[in-house]
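Participant: model-v3.csv is reproduced below (CSV, C-alpha atoms and all ligand atoms).
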```csv
chain,number,residue,atom,x,y,z
A,1,MET,CA,-14.2,-112.4,35.6
A,2,LYS,CA,-14.9,-109.1,33.8
A,3,LYS,CA,-13.7,-108.5,30.3
A,4,ALA,CA,-11.6,-105.5,29.4
A,5,LYS,CA,-12.2,-102.0,31.0
A,6,VAL,CA,-13.9,-99.8,28.5
A,7,LEU,CA,-14.1,-96.0,28.9
A,8,VAL,CA,-17.4,-94.4,27.9
A,9,THR,CA,-17.0,-90.7,27.5
A,10,GLY,CA,-20.3,-88.8,27.7
A,11,GLY,CA,-21.4,-91.9,29.6
A,12,THR,CA,-24.4,-90.3,31.3
A,13,GLY,CA,-25.8,-89.0,28.1
A,14,TYR,CA,-28.8,-90.6,26.2
A,15,ILE,CA,-26.9,-93.0,24.0
A,16,GLY,CA,-23.9,-93.3,26.4
A,17,ALA,CA,-26.1,-94.6,29.3
A,18,HIS,CA,-27.9,-97.1,27.2
A,19,THR,CA,-24.6,-98.3,25.8
A,20,ALA,CA,-23.2,-98.6,29.3
A,21,VAL,CA,-26.0,-101.0,30.2
A,22,GLU,CA,-25.3,-103.2,27.2
A,23,LEU,CA,-21.6,-103.2,27.9
A,24,PHE,CA,-22.3,-104.4,31.4
A,25,ASN,CA,-24.6,-107.1,30.0
A,26,ALA,CA,-21.8,-108.2,27.7
A,27,GLY,CA,-19.4,-108.6,30.7
A,28,TYR,CA,-17.1,-105.5,30.1
A,29,GLU,CA,-15.8,-103.4,33.0
A,30,VAL,CA,-17.4,-100.0,32.3
A,31,LEU,CA,-15.9,-96.7,33.3
A,32,LEU,CA,-18.2,-93.7,32.6
A,33,ALA,CA,-16.8,-90.2,32.2
A,34,ASP,CA,-19.0,-87.1,31.9
A,35,ASN,CA,-19.1,-83.4,33.0
A,36,PHE,CA,-23.0,-83.4,33.2
A,37,SER,CA,-23.1,-80.5,30.7
A,38,ASN,CA,-26.1,-82.2,29.1
A,39,SER,CA,-27.0,-85.0,31.5
A,40,SER,CA,-27.8,-85.7,35.2
A,41,PRO,CA,-26.1,-87.7,37.9
A,42,ASP,CA,-29.5,-89.4,38.4
A,43,VAL,CA,-28.6,-91.5,35.3
A,44,LEU,CA,-26.0,-93.3,37.3
A,45,ASP,CA,-28.7,-94.5,39.7
A,46,GLY,CA,-30.8,-95.6,36.7
A,47,ILE,CA,-28.0,-97.7,35.3
A,48,GLU,CA,-27.4,-99.2,38.7
A,49,LYS,CA,-31.1,-100.1,39.0
A,50,ILE,CA,-30.9,-101.9,35.7
A,51,THR,CA,-27.6,-103.7,36.0
A,52,GLY,CA,-27.5,-104.2,39.8
A,53,GLU,CA,-24.0,-102.5,39.9
A,54,LYS,CA,-23.1,-98.9,40.5
A,55,PRO,CA,-21.0,-97.9,37.5
A,56,LEU,CA,-17.4,-96.7,37.8
A,57,PHE,CA,-17.7,-93.0,37.2
A,58,GLU,CA,-15.4,-90.0,36.9
A,59,GLU,CA,-16.7,-86.4,36.5
A,60,VAL,CA,-14.4,-84.9,34.0
A,61,ASP,CA,-14.4,-82.3,31.1
A,62,CYS,CA,-12.8,-84.3,28.3
A,63,SER,CA,-11.8,-81.1,26.5
A,64,ASP,CA,-9.5,-80.3,29.4
A,65,ILE,CA,-6.3,-82.3,28.7
A,66,ASN,CA,-5.0,-82.0,32.3
A,67,ALA,CA,-8.2,-83.2,33.9
A,68,PHE,CA,-8.7,-85.9,31.3
A,69,GLY,CA,-5.1,-87.0,31.8
A,70,LEU,CA,-5.7,-87.5,35.6
A,71,LEU,CA,-8.5,-89.9,34.7
A,72,PHE,CA,-6.0,-92.0,32.7
A,73,GLU,CA,-3.5,-91.9,35.5
A,74,LYS,CA,-6.1,-93.2,37.9
A,75,HIS,CA,-7.3,-95.9,35.4
A,76,PRO,CA,-4.1,-97.2,33.6
A,77,ASP,CA,-6.0,-100.4,32.7
A,78,ILE,CA,-8.4,-98.7,30.1
A,79,ARG,CA,-8.2,-101.0,27.1
A,80,ALA,CA,-10.7,-99.2,24.8
A,81,ALA,CA,-13.0,-96.2,24.6
A,82,ILE,CA,-16.3,-95.3,23.2
A,83,HIS,CA,-16.5,-91.6,22.6
A,84,PHE,CA,-19.8,-89.9,22.9
A,85,ALA,CA,-18.7,-86.7,24.7
A,86,ALA,CA,-19.8,-83.8,22.4
A,87,TYR,CA,-22.4,-81.1,22.1
A,88,LYS,CA,-25.1,-82.1,19.6
A,89,ALA,CA,-27.7,-79.4,19.2
A,90,VAL,CA,-27.7,-78.3,15.6
A,91,GLY,CA,-29.4,-75.0,16.2
A,92,GLU,CA,-27.2,-74.1,19.2
A,93,SER,CA,-24.1,-74.9,17.1
A,94,VAL,CA,-25.1,-72.2,14.6
A,95,GLU,CA,-25.3,-69.6,17.5
A,96,LYS,CA,-22.1,-70.8,19.3
A,97,PRO,CA,-19.7,-72.3,16.7
A,98,VAL,CA,-16.5,-71.8,18.7
A,99,MET,CA,-17.9,-73.5,21.8
A,100,TYR,CA,-18.8,-76.5,19.6
A,101,TYR,CA,-15.4,-76.6,17.8
A,102,ARG,CA,-13.5,-76.3,21.1
A,103,ASN,CA,-15.5,-78.9,23.0
A,104,ASN,CA,-16.1,-81.5,20.2
A,105,LEU,CA,-12.7,-81.4,18.6
A,106,PHE,CA,-10.6,-81.0,21.8
A,107,SER,CA,-12.4,-83.8,23.5
A,108,LEU,CA,-11.6,-86.2,20.7
A,109,ILE,CA,-8.0,-85.0,20.2
A,110,ASN,CA,-7.3,-85.4,23.9
A,111,LEU,CA,-8.8,-88.9,23.9
A,112,ILE,CA,-6.6,-90.0,21.0
A,113,GLU,CA,-3.4,-88.5,22.6
A,114,LEU,CA,-4.1,-90.1,26.0
A,115,MET,CA,-5.1,-93.5,24.5
A,116,ASN,CA,-2.0,-93.4,22.3
A,117,ARG,CA,0.3,-93.4,25.4
A,118,GLN,CA,-0.6,-97.1,25.7
A,119,ASN,CA,0.9,-99.6,23.2
A,120,ARG,CA,-2.4,-100.6,21.7
A,121,SER,CA,-5.7,-98.7,21.7
A,122,SER,CA,-9.2,-99.1,20.3
A,123,ILE,CA,-11.7,-96.3,19.8
A,124,VAL,CA,-15.4,-96.5,18.8
A,125,PHE,CA,-16.6,-93.1,17.7
A,126,SER,CA,-20.2,-91.8,17.8
A,127,SER,CA,-20.7,-90.3,14.3
A,128,SER,CA,-23.8,-89.3,12.5
A,129,CYS,CA,-25.8,-89.7,9.2
A,130,THR,CA,-25.5,-85.9,9.0
A,131,VAL,CA,-22.2,-86.5,7.2
A,132,TYR,CA,-24.3,-87.6,4.2
A,133,GLY,CA,-26.4,-84.5,4.1
A,134,GLN,CA,-29.3,-85.0,1.6
A,135,PRO,CA,-28.2,-88.1,-0.4
A,136,ALA,CA,-29.2,-88.1,-4.1
A,137,LYS,CA,-32.3,-90.3,-4.8
A,138,GLU,CA,-30.1,-93.0,-6.4
A,139,ASN,CA,-28.0,-93.1,-3.2
A,140,LEU,CA,-31.0,-94.0,-1.0
A,141,PRO,CA,-31.0,-96.1,1.1
A,142,VAL,CA,-27.6,-94.7,2.2
A,143,SER,CA,-24.6,-97.1,2.3
A,144,GLU,CA,-21.2,-96.3,3.8
A,145,ASN,CA,-19.7,-95.5,0.4
A,146,ALA,CA,-22.3,-92.8,-0.4
A,147,PRO,CA,-20.6,-89.5,-1.0
A,148,LEU,CA,-20.3,-87.2,2.0
A,149,GLN,CA,-22.0,-83.8,1.6
A,150,PRO,CA,-20.8,-80.5,3.1
A,151,ALA,CA,-22.3,-80.2,6.6
A,152,THR,CA,-25.1,-77.7,7.0
A,153,SER,CA,-24.2,-76.7,10.6
A,154,PRO,CA,-21.1,-76.3,12.8
A,155,TYR,CA,-22.3,-79.4,14.7
A,156,GLY,CA,-22.3,-81.4,11.5
A,157,ARG,CA,-18.9,-80.0,10.6
A,158,THR,CA,-17.4,-81.1,13.9
A,159,LYS,CA,-18.6,-84.7,13.1
A,160,GLN,CA,-17.0,-84.6,9.7
A,161,ILE,CA,-13.7,-83.1,11.1
A,162,CYS,CA,-13.7,-85.7,13.9
A,163,GLU,CA,-14.0,-88.4,11.3
A,164,ASP,CA,-11.0,-86.9,9.4
A,165,ILE,CA,-9.0,-86.7,12.6
A,166,LEU,CA,-9.6,-90.4,13.3
A,167,LYS,CA,-8.8,-91.3,9.7
A,168,ASP,CA,-5.5,-89.5,9.8
A,169,SER,CA,-4.7,-90.9,13.2
A,170,ALA,CA,-5.5,-94.5,12.1
A,171,MET,CA,-3.1,-93.9,9.2
A,172,ALA,CA,-0.3,-92.5,11.3
A,173,TYR,CA,-0.6,-95.0,14.2
A,174,ARG,CA,-1.4,-98.0,12.0
A,175,ASP,CA,0.4,-100.4,14.3
A,176,LYS,CA,-1.3,-99.3,17.6
A,177,LEU,CA,-4.7,-97.8,16.9
A,178,ASN,CA,-7.9,-99.5,15.7
A,179,VAL,CA,-11.0,-97.3,15.0
A,180,ILE,CA,-14.7,-98.0,14.3
A,181,LEU,CA,-16.9,-95.1,13.3
A,182,LEU,CA,-20.6,-95.6,13.8
A,183,ARG,CA,-22.9,-93.3,11.8
A,184,TYR,CA,-26.2,-93.1,13.6
A,185,PHE,CA,-29.5,-92.3,11.9
A,186,ASN,CA,-32.3,-91.2,14.3
A,187,PRO,CA,-32.0,-92.7,17.8
A,188,ILE,CA,-35.3,-92.9,19.7
A,189,GLY,CA,-37.0,-94.6,22.6
A,190,ALA,CA,-36.0,-95.6,26.2
A,191,HIS,CA,-34.8,-98.6,28.1
A,192,PRO,CA,-37.8,-100.9,28.7
A,193,SER,CA,-37.3,-100.5,32.5
A,194,ALA,CA,-38.0,-96.7,32.1
A,195,PHE,CA,-35.0,-96.2,34.5
A,196,ILE,CA,-33.1,-94.4,31.8
A,197,GLY,CA,-34.2,-92.5,28.7
A,198,GLU,CA,-33.9,-89.3,26.7
A,199,LEU,CA,-33.6,-86.1,28.9
A,200,PRO,CA,-33.8,-83.1,26.5
A,201,ARG,CA,-32.9,-79.8,28.2
A,202,GLY,CA,-35.6,-77.1,27.7
A,203,VAL,CA,-37.7,-77.3,24.5
A,204,PRO,CA,-36.9,-80.6,22.7
A,205,GLN,CA,-35.3,-80.2,19.3
A,206,ASN,CA,-35.9,-83.8,18.3
A,207,LEU,CA,-39.2,-85.1,17.1
A,208,LEU,CA,-40.0,-88.0,19.4
A,209,PRO,CA,-39.4,-86.2,22.7
A,210,TYR,CA,-41.6,-83.3,21.4
A,211,ILE,CA,-44.3,-85.8,20.6
A,212,THR,CA,-44.2,-87.5,24.0
A,213,GLN,CA,-44.2,-84.1,25.8
A,214,THR,CA,-47.2,-83.0,23.7
A,215,ALA,CA,-48.9,-86.3,24.6
A,216,ALA,CA,-48.1,-85.7,28.3
A,217,GLY,CA,-49.7,-82.2,28.0
A,218,LEU,CA,-46.5,-80.2,28.5
A,219,ARG,CA,-46.8,-78.8,24.9
A,220,ASP,CA,-50.1,-77.6,23.3
A,221,PHE,CA,-49.3,-79.1,20.0
A,222,LEU,CA,-46.5,-80.5,17.8
A,223,SER,CA,-45.3,-78.3,14.9
A,224,VAL,CA,-44.8,-80.5,11.8
A,225,TYR,CA,-42.0,-78.7,10.0
A,226,GLY,CA,-43.4,-78.8,6.5
A,227,ASN,CA,-45.6,-81.1,4.5
A,228,ASP,CA,-44.6,-79.8,1.0
A,229,TYR,CA,-41.6,-82.1,0.5
A,230,SER,CA,-41.4,-84.5,-2.4
A,231,THR,CA,-42.3,-87.5,-0.2
A,232,PRO,CA,-45.5,-89.6,-0.3
A,233,ASP,CA,-47.3,-87.6,2.4
A,234,GLY,CA,-45.2,-84.4,2.0
A,235,SER,CA,-43.4,-84.7,5.4
A,236,CYS,CA,-39.7,-85.6,5.9
A,237,ILE,CA,-38.5,-89.2,6.1
A,238,ARG,CA,-36.0,-90.5,8.6
A,239,ASP,CA,-34.7,-93.9,9.8
A,240,TYR,CA,-35.7,-94.1,13.5
A,241,ILE,CA,-33.6,-96.7,15.3
A,242,TYR,CA,-34.3,-98.0,18.9
A,243,VAL,CA,-31.6,-96.6,21.3
A,244,CYS,CA,-31.2,-100.1,22.9
A,245,ASP,CA,-30.6,-101.7,19.4
A,246,LEU,CA,-28.1,-98.9,18.7
A,247,ALA,CA,-26.4,-99.6,22.1
A,248,LYS,CA,-26.0,-103.2,21.2
A,249,ALA,CA,-24.2,-102.2,18.0
A,250,HIS,CA,-21.5,-100.5,20.1
A,251,VAL,CA,-21.0,-103.8,22.0
A,252,ALA,CA,-20.6,-105.6,18.6
A,253,ALA,CA,-18.1,-102.9,17.5
A,254,MET,CA,-16.2,-103.3,20.8
A,255,GLU,CA,-16.0,-107.1,20.4
A,256,ARG,CA,-14.7,-106.7,16.9
A,257,LEU,CA,-12.0,-104.3,18.1
A,258,LEU,CA,-11.0,-106.2,21.2
A,259,GLU,CA,-11.7,-109.9,20.3
A,260,LYS,CA,-11.7,-110.1,16.5
A,261,SER,CA,-9.4,-107.3,15.3
A,262,GLU,CA,-7.6,-109.8,13.1
A,263,GLU,CA,-10.7,-109.9,10.9
A,264,MET,CA,-10.5,-106.2,10.2
A,265,LYS,CA,-9.3,-105.5,6.7
A,266,ASP,CA,-8.1,-102.0,7.7
A,267,ASN,CA,-7.6,-100.4,11.1
A,268,ILE,CA,-10.4,-98.0,10.5
A,269,GLU,CA,-14.0,-99.1,9.6
A,270,TYR,CA,-17.3,-97.2,9.1
A,271,PHE,CA,-20.8,-98.6,9.7
A,272,ASN,CA,-24.3,-97.0,9.1
A,273,LEU,CA,-26.6,-97.8,12.0
A,274,GLY,CA,-30.2,-97.7,11.1
A,275,THR,CA,-33.2,-100.0,10.6
A,276,GLY,CA,-33.1,-99.8,6.8
A,277,LYS,CA,-36.7,-98.4,6.8
A,278,GLY,CA,-37.7,-94.8,6.4
A,279,LEU,CA,-40.7,-93.3,8.2
A,280,SER,CA,-42.3,-89.9,7.6
A,281,VAL,CA,-43.1,-87.5,10.4
A,282,LEU,CA,-46.8,-88.0,9.9
A,283,GLU,CA,-46.4,-91.8,9.8
A,284,LEU,CA,-44.5,-91.6,13.1
A,285,ILE,CA,-47.3,-89.5,14.7
A,286,ASP,CA,-49.9,-92.0,13.5
A,287,LEU,CA,-47.8,-95.0,14.8
A,288,PHE,CA,-47.4,-93.3,18.1
A,289,LYS,CA,-51.2,-93.1,18.5
A,290,LYS,CA,-51.6,-96.7,17.4
A,291,SER,CA,-48.9,-97.9,19.9
A,292,THR,CA,-50.0,-95.9,22.9
A,293,GLY,CA,-53.7,-95.0,22.3
A,294,VAL,CA,-52.7,-91.3,22.9
A,295,ASP,CA,-53.5,-88.7,20.3
A,296,VAL,CA,-50.9,-86.0,19.5
A,297,PRO,CA,-52.4,-82.7,18.4
A,298,TYR,CA,-50.2,-81.2,15.6
A,299,ARG,CA,-50.2,-78.3,13.1
A,300,ILE,CA,-48.4,-78.1,9.8
A,301,THR,CA,-45.9,-75.2,10.0
A,302,GLY,CA,-43.1,-74.0,7.7
A,303,ARG,CA,-40.0,-76.0,7.0
A,304,ARG,CA,-37.1,-76.0,9.5
A,305,ALA,CA,-33.9,-74.5,8.1
A,306,GLY,CA,-31.2,-77.2,7.6
A,307,ASP,CA,-33.6,-80.2,7.4
A,308,VAL,CA,-32.9,-82.8,4.8
A,309,GLU,CA,-35.9,-84.1,3.0
A,310,GLN,CA,-35.4,-87.9,3.2
A,311,VAL,CA,-32.6,-90.1,4.5
A,312,TRP,CA,-32.6,-93.7,5.7
A,313,ALA,CA,-29.9,-96.3,6.0
A,314,ASP,CA,-28.7,-99.4,4.2
A,315,PRO,CA,-27.5,-101.3,7.2
A,316,THR,CA,-26.2,-104.3,5.3
A,317,LEU,CA,-22.6,-103.8,6.2
A,318,ALA,CA,-23.3,-103.7,10.0
A,319,ASN,CA,-25.7,-106.6,9.6
A,320,GLU,CA,-23.0,-108.8,7.9
A,321,VAL,CA,-19.7,-107.6,9.4
A,322,LEU,CA,-20.8,-106.7,13.0
A,323,GLY,CA,-23.4,-109.5,13.1
A,324,TRP,CA,-25.8,-106.8,14.4
A,325,ARG,CA,-29.3,-105.9,13.3
A,326,ALA,CA,-32.0,-103.4,14.6
A,327,THR,CA,-34.7,-105.8,15.5
A,328,THR,CA,-37.2,-104.0,17.8
A,329,PRO,CA,-40.6,-103.2,16.2
A,330,VAL,CA,-41.2,-99.4,16.0
A,331,GLU,CA,-44.5,-99.8,17.9
A,332,GLU,CA,-42.5,-101.2,20.9
A,333,VAL,CA,-40.0,-98.4,20.6
A,334,LEU,CA,-42.7,-95.7,20.7
A,335,ALA,CA,-44.3,-97.4,23.6
A,336,SER,CA,-41.0,-97.4,25.5
A,337,ALA,CA,-40.7,-93.6,24.9
A,338,TRP,CA,-44.2,-93.0,26.2
A,339,LYS,CA,-43.6,-95.2,29.3
A,340,TRP,CA,-40.4,-93.1,30.0
A,341,GLU,CA,-42.3,-89.8,29.5
A,342,LYS,CA,-45.1,-90.9,31.9
A,343,LYS,CA,-42.4,-91.9,34.5
A,344,LEU,CA,-40.8,-88.5,34.2
A,345,ARG,CA,-44.1,-86.7,34.6
A,346,GLY,CA,-45.6,-89.0,37.3
A,347,ILE,CA,-48.4,-90.0,34.9
A,348,ASN,CA,-49.9,-93.5,35.5
A,401,LIG,C1,-36.6,-85.4,12.6
A,401,LIG,C2,-37.7,-84.9,11.7
A,401,LIG,C3,-37.9,-82.5,11.5
A,401,LIG,C4,-39.1,-81.8,15.6
A,401,LIG,C5,-31.2,-85.4,14.5
A,401,LIG,C6,-29.9,-84.7,14.9
A,401,LIG,C7,-28.8,-85.3,14.1
A,401,LIG,C8,-28.7,-86.8,14.2
A,401,LIG,C9,-30.1,-87.4,13.8
A,401,LIG,C10,-27.2,-87.5,16.0
A,401,LIG,C11,-37.3,-83.8,10.8
A,401,LIG,C12,-39.1,-83.1,12.1
A,401,LIG,C13,-38.7,-82.4,14.4
A,401,LIG,C14,-40.4,-81.1,15.6
A,401,LIG,C15,-40.8,-81.8,13.4
A,401,LIG,N1,-28.4,-87.2,15.5
A,401,LIG,N2,-39.5,-82.4,13.4
A,401,LIG,N3,-41.2,-81.2,14.5
A,401,LIG,O1,-33.1,-83.4,12.4
A,401,LIG,O2,-33.2,-85.8,11.6
A,401,LIG,O3,-31.4,-85.1,13.1
A,401,LIG,O4,-31.1,-86.8,14.6
A,401,LIG,O5,-26.2,-87.6,15.5
A,401,LIG,O6,-27.6,-84.8,14.6
A,401,LIG,O7,-30.0,-83.4,14.6
A,401,LIG,O8,-33.9,-85.2,13.9
A,401,LIG,O9,-35.7,-85.4,15.5
A,401,LIG,O10,-34.8,-83.1,15.0
A,401,LIG,O11,-36.1,-84.3,13.2
A,401,LIG,O12,-41.5,-81.8,12.4
A,401,LIG,O13,-40.8,-80.5,16.7
A,401,LIG,O14,-38.8,-84.4,12.5
A,401,LIG,O15,-38.2,-81.5,10.6
A,401,LIG,O16,-37.9,-83.9,9.5
A,401,LIG,P1,-32.9,-84.8,12.6
A,401,LIG,P2,-35.1,-84.5,14.5
```
Please express what this file holds, its structure, as structure tokens.
Facilitator:
Amino acid sequence: MKKAKVLVTGGTGYIGAHTAVELFNAGYEVLLADNFSNSSPDVLDGIEKITGEKPLFEEVDCSDINAFGLLFEKHPDIRAAIHFAAYKAVGESVEKPVMYYRNNLFSLINLIELMNRQNRSSIVFSSSCTVYGQPAKENLPVSENAPLQPATSPYGRTKQICEDILKDSAMAYRDKLNVILLRYFNPIGAHPSAFIGELPRGVPQNLLPYITQTAAGLRDFLSVYGNDYSTPDGSCIRDYIYVCDLAKAHVAAMERLLEKSEEMKDNIEYFNLGTGKGLSVLELIDLFKKSTGVDVPYRITGRRAGDVEQVWADPTLANEVLGWRATTPVEEVLASAWKWEKKLRGIN
């Protein structure tokens, strides 16, 4: 007997697909919704190969209230939702802010309105450590009560506005809406089966896909965006969290909302999802070589606009309240990313 039906918007995206697998594993009935604006239908086959079940799927643009409403008419038994559907390229958001505001805000607003037509609803929201900007040194590692900083891109601003929309909605609909916001640090890696993984469109913006594409010979070298920061080796520091560990945190959040909501002190909660350990760009390159035996040619170039110098999580609250911890060793995570890249490129 399956547990509740959970809607996963953006369900064929990188984190959405990995979360769908873990929700299946935890016994939930999973309904994926996506418009393939930044993903491929092949992901559904990948999920099926892992779970043995073809996922329930609806192709829908969540920012279109009429189309999204038809999905809810077809699936009146949706008990909860995990909301990933959003554009997420920082650089693109600077060039096309209105596209980002329309898509990212309307998708969430529509979800809240449609979920609220039921007498009880639960939403897990995919947020980001970008809301913290560059924390002051005394606020590192970053806990949930660290001050939020003004976003440095329209993408970051949509995350902050979405958090405010959910906070106001939780206040207004106190008796019927429960919300958990998950602030991700830097998700990396791929499912150990290599049936699903990160599928960046065009030139990868994020560090690890650029590393694996360079290792696979698609790129001549990796540009390290600056080594003149005030860090031990001069390169930026981040908290790189395995996407499968991150996915499991969504299951823990869903269980808290659906099965342990009486433990919630308020009907909205925030959790930082990271390993609690910072790694520099140069350290990650070195660890990739140690984990895979593959060298990654790189050049030190100028800083990238908008980059923060160093940020990593204090995951204590998620560890204690969600009973969740990122456990996968980084060497294993990097090996999973390389296995996925080799699969994509047909490299043995
Ligand atoms: C990491 C580090 C770069 C590429 C992203 C998203 C953000 C959030 C977290 C979701 C930085 C350096 C990168 C390259 C490099 N995700 N780098 N050469 O910027 O921390 O944030 O993940 O919510 O929204 O933007 O991740 O992987 O782009 O960069 O030197 O070719 O690697 O300067 O220091 P970032 P990233």
Participant: Please report the interatomic distance between CA of Asp34 (chain A) and CA of Ala326 (chain A) in Å with one decimal.
Facilitator: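 Distance between the two atoms: 27.1 Å.
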Participant: Expressed in Å to a single decimal, how great is the separation between CA of Met264 (chain A) and CA of Val142 (chain A)?
Facilitator: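 A separation of 22.1 Å between them.
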Participant: Of the candidates A:Pro135, A:Pro315, A:Gly11, A:Gly306, which shows the shortest atom-to-atom distance to His83 (chain A), using all atoms listed in the file?
Facilitator: A:Gly11
Participant: Between region 205-302 of chain A and region 329-340 of chain A, at 6 Å or less, what are the per-residue closest atom pairs and their distances in Å? Count only C-alpha atoms, order by chain and rising residue number, and return it as a Markdown table.
Facilitator:
```
| residue | atom | partner | partner_atom | distance |
| --- | --- | --- | --- | --- |
| A:Thr212 | CA | A:Trp338 | CA | 5.9 |
| A:Tyr242 | CA | A:Val333 | CA | 6.0 |
| A:Phe288 | CA | A:Leu334 | CA | 5.9 |
| A:Ser291 | CA | A:Glu331 | CA | 5.2 |
| A:Thr292 | CA | A:Ala335 | CA | 5.9 |
```
Participant: Work out how far apart CA of Lys290 (chain A) and CA of Arg201 (chain A) are and give it in Å to one decimal.
Facilitator: 27.4 Å
Participant: With all atoms listed in the file as the atoms that count, which of A:Gly302, A:Gly13, A:Pro297, A:Gly274 lies nearest to Asn319 (chain A)?
Facilitator: A:Gly274
Participant: Counting all atoms listed in the file, which of A:Ile347, A:Met1, A:Leu44, A:Leu218 gets nearest to Ala26 (chain A)?
Facilitator: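 When distances to Ala26 (chain A) are compared using all atoms listed in the file, the smallest one comes from A:Met1.
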Participant: Between A:Val294, A:Val251, A:Met99, A:Ala170, which is the closest to Val6 (chain A) once you count only C-alpha atoms?
Facilitator: A:Val251
Participant: Skipping near chain neighbours, those fewer than 4 positions away, what residues fall within 12 Å of Tyr229 (chain A) using all atoms listed in the file, listed as a PyMOL selection string?
Facilitator: chain A and resi 224-225+233-237+280-281+302-304+307-310
Participant: Calculated over all atoms listed in the file, which of the candidates A:Lys176, A:Asn103, A:Tyr184, A:Phe57 has the smallest distance to Asn267 (chain A)?
Facilitator: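 Answer, going by the shortest atom-to-atom distance: A:Lys176.
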Participant: Just checking: using only C-alpha atoms, which residue out of A:Met254, A:Ala249, A:Ser121, A:Glu341 ends up closest to Trp324 (chain A)?
Facilitator: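 Closest residue, counting only C-alpha atoms: A:Ala249.
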Participant: Excluding region 126-132 of chain A and its own-chain neighbours fewer than 6 positions away, which residues fall within 7 Å of it when counting only C-alpha atoms? Please give them as a count of residues only.
Facilitator: 14
Participant: Name all residues at most 9 Å from Ser63 (chain A) (count only C-alpha atoms; drop same-chain ones fewer than 6 positions away) and give them as a list in words.
Facilitator: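 Once the adjacent positions are removed, what remains is Arg102, Asn103, Asn104, Leu105, Phe106, Ser107, Leu108, Ile109, Asn110 and Leu111 of chain A.
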